[in-house]
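Following: one structure in structure tokens, then a few remarks.
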Amino acid sequence: MSFLEVKDLHVRINDPENEDTREILKGVNLTIKTGETHAIMGPNGTGKSTLSETIMGNPNYEITQGDILIDGQSLVKLPVDERARAGLFLAMQYPVEIKGITNLEFMRAAINARRDDDDQMSIREFLAELDRNLAVLNMSESMTRRYLNEGFSGGEKKRNEILQLMMIKPKFAILDEIDSGLDIDALQVVAKGVNAMASPDFGTLMITHYQRLLNYIKPDFVHVMMDGRIVKTGDAQLAVKLEAEGYAGLRDELGIKAKLVDDDVTEADADDD
Amino acid sequence: MTIKQVPDWFTKRQAAAAKAAASLPMPTFERFDFHRWALDTVAEVPADTTAVPTDLGDQNVVTFGDQTVHVQLSAAMQAQGVIVEDLQTALTAHSDLVEKYLMTTAVKYDEDRLTAFNLAHLNHGLLIYVPANVQVDETLQVLMVQNSLTTTNYFGHVLVIADRSSSVKILQQLETRGDQANHFHLITEVLALENSHIEFTGLDLLHQNTTAYLNRRGYLADDAKIDWALGVFNNGQTIADFDSDLRGKGSDSEVNVVALSGGKQRQCIDTRVTNFAPHSTGNIAQRGVILGSSELVFNGIGQIIKGAHGARANQENRVLMLSDKAHGDANPILLIDENDVLAGHAASVGRVDEHQMYYLMSRGISKPVAQRLVIRGFLGDVLVKLPSEQLRDRMIAVIEGKLKNELAN
């Protein structure tokens, strides 16, 4: 069994264009074991994506305090590629497009990056694995010969993220709003892919606004994030409750003073906070 | 071997070139200074006693320094009457053809000091002639190896003529053997006569101690087409002039150039297409990658001459810089003298996209491999336009090899 631990994580975002520095995460604590599925919910702008990007190692986010560890080994000083090879995978909200590199060669490069030079995956083995996963995701083989995400629809990009997840087989996957922009059919397909990964050696952290996703991928734990912290943890029932009552109810119940972006406030008001 | 036993007209033309060379100016390459390379000098060379290496290659034509090692055409090419000859032979066997076209039509010897120099000091050449209505299916492969086993002067000339309604594919590969510092002058004239089609691929792989002046010039008659695919992967100083003159109505030149600069190398590539004729089309697509503390300048020159109604001219020049010490430039130069034309250009000098790097590395791909993939992607636009998959794979292999060396440093 492996552990992904986030300890008292404080993160700042530095935006050189606006000379803006803001603290987004204000002490996040979270432990995920392989075999578990976690969901983080919360209103817009509370730091959910910051958490996922920071765990992965996006250089735009600066850790000012705290630690991120896999099996006791700290990741915070490691570059992105080493974190990935340590077992992390982030299904991104906005996958980039790269012309000139096919999906196929990209995925082979990703898989072989984890293997020794004298133990590279054979093309035959790779294609067999690929065919199995394409079938699960109802994707056509021609998608893999297209350039990486280039000209893909929103739904195709999300599917492609899950395809990579299935090919790479990380220890921990963070799914950052994998459900956004998906119709119900596409959502079911994506969920099927994630569920196919279920094993005692695989842990998931889903980030979402909507309880809907959790009907298809059942979480063991639901965490609610507000104003840069996890403010409540429960089981799947917590998501159902939130869906019924909204975040504002929970905020008031917990006595948190944070503004919700969904509140009808002007930006000037928000700045005054 | 210098060219001997030449017809009268050749002696006269060479003498005129020698005279002109003295007073003509050097060619200019915008935003690039190469006068210290002293390309307009002839080195003092010892008597050449080097033996021709026996392992150069098995291409249709192999040359080494000023010697043509072999010409071996397939039975099909021979049956079709394709002529490939060392210039020495051609001056006797096909003197009329050479007299008519050698530096008279595509490149004129008195354009500048280096064109004049080439003819004045010419010590090697090839004639490639495809008769009218002949379609050559196989690619004619020409390997030209610079002799740097010793100090040499090389002033070479390749004259390609595709006669009316013929078609031919040519792969011209340039290499160096040895590591002596030498100059390499090569003018390649490519004449596409009426309704002919030439696919011309250049693969330039000269050594870092070879300083190159490369001039490839297309001349296109009515409805002729030249597809250029030029990979400039030299390791030494290079000035390259890749031009197409669209003289015939409806003629079409597609120019695709990929270049890499690394180490302390400086390279400048002028790519010009001039629409002289109505309804002619010229498209330029160039991609360059600059590593280390090297320099690469792309000048894209699109010219539409008055009277070229309905002409089209497009160009896209893009340069990717991989280090802070690299220097790059992509200059579109448009000179348009007619109204009812379609002309466009795009140029950029940029760095590796950090979002792309982050995405690739988030999948566990190491930084050097991710960089190589991003570069491949950047060059991909142009690589997909190459005429054959085989050639594309070949170019990719060359690029990967050069990048591996550079990025490892």
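Naming works like this for the structure tokens: A, B, ... for the chains as they're shown, residue 1 at the start of each chain, ligands 1 onward in shown order.
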
So which residues touch B:Arg312 within 12 Å, counting only C-alpha atoms, skipping near sequence neighbours fewer than 6 positions away, as a ChimeraX atom specification? /B:246,249-254,273-284,302-305,336,338-345

Per-residue DSSP, stretch 142-330 of chain B, filtered to strand (DSSP E or B), as a ChimeraX atom specification: /B:142-147,153-162,167-177,182-192,197-205,210-220,225-232,238-246,252-261,266-275,281-290,295-304,312-321,327-330

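Distances to A:Arg132 were evaluated for A:Ala196, A:Leu148, A:Arg83, A:Lys158 using only C-alpha atoms, and the minimum falls at A:Ala196.
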
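All chain A residues having an atom within 7 Å of chain B, based on only C-alpha atoms, amount to Val80, Asp81, Glu82, Ala84, Arg85, Phe89, Val96, Ile98, Lys99, Gly100, Ile101, Ala109, Ala110 and Ala113 of chain A.
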
Can those selected residues be exported to a file as a compact mmCIF listing (two decimals), in the first residue's frame so that it contains N, CA and C atoms?
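Done, and the output landed in out.txt:
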```txt
# COMPACT_ATOMS: atom_id res chain seq x y z
N VAL A 80 8.63 18.19 -12.05
CA VAL A 80 7.38 17.54 -12.45
C VAL A 80 7.58 16.11 -12.94
N ASP A 81 8.57 15.90 -13.80
CA ASP A 81 8.71 14.57 -14.39
C ASP A 81 9.07 13.53 -13.34
N GLU A 82 9.86 13.94 -12.34
CA GLU A 82 10.22 12.96 -11.29
C GLU A 82 9.03 12.63 -10.41
N ALA A 84 6.00 12.55 -11.47
CA ALA A 84 5.18 11.65 -12.27
C ALA A 84 5.74 10.23 -12.18
N ARG A 85 7.05 10.13 -12.25
CA ARG A 85 7.65 8.80 -12.20
C ARG A 85 7.57 8.20 -10.81
N PHE A 89 -0.20 11.18 -11.24
CA PHE A 89 -0.76 11.50 -12.56
C PHE A 89 -1.83 12.57 -12.36
N VAL A 96 -3.05 20.58 -23.00
CA VAL A 96 -2.52 21.41 -24.09
C VAL A 96 -2.50 20.62 -25.40
N ILE A 98 -0.45 19.78 -28.81
CA ILE A 98 0.90 19.84 -29.38
C ILE A 98 0.87 19.24 -30.79
N LYS A 99 1.08 20.12 -31.71
CA LYS A 99 1.11 19.73 -33.12
C LYS A 99 2.39 18.98 -33.42
N GLY A 100 2.31 18.04 -34.31
CA GLY A 100 3.54 17.41 -34.79
C GLY A 100 3.96 16.18 -33.99
N ILE A 101 3.32 15.95 -32.84
CA ILE A 101 3.62 14.73 -32.08
C ILE A 101 2.33 13.93 -32.02
N ALA A 109 6.36 7.34 -25.32
CA ALA A 109 7.46 8.04 -24.64
C ALA A 109 7.18 8.09 -23.14
N ALA A 110 5.90 8.32 -22.77
CA ALA A 110 5.55 8.42 -21.36
C ALA A 110 5.75 7.08 -20.66
N ALA A 113 9.49 6.20 -20.45
CA ALA A 113 10.23 7.05 -19.52
C ALA A 113 10.32 6.39 -18.14
```
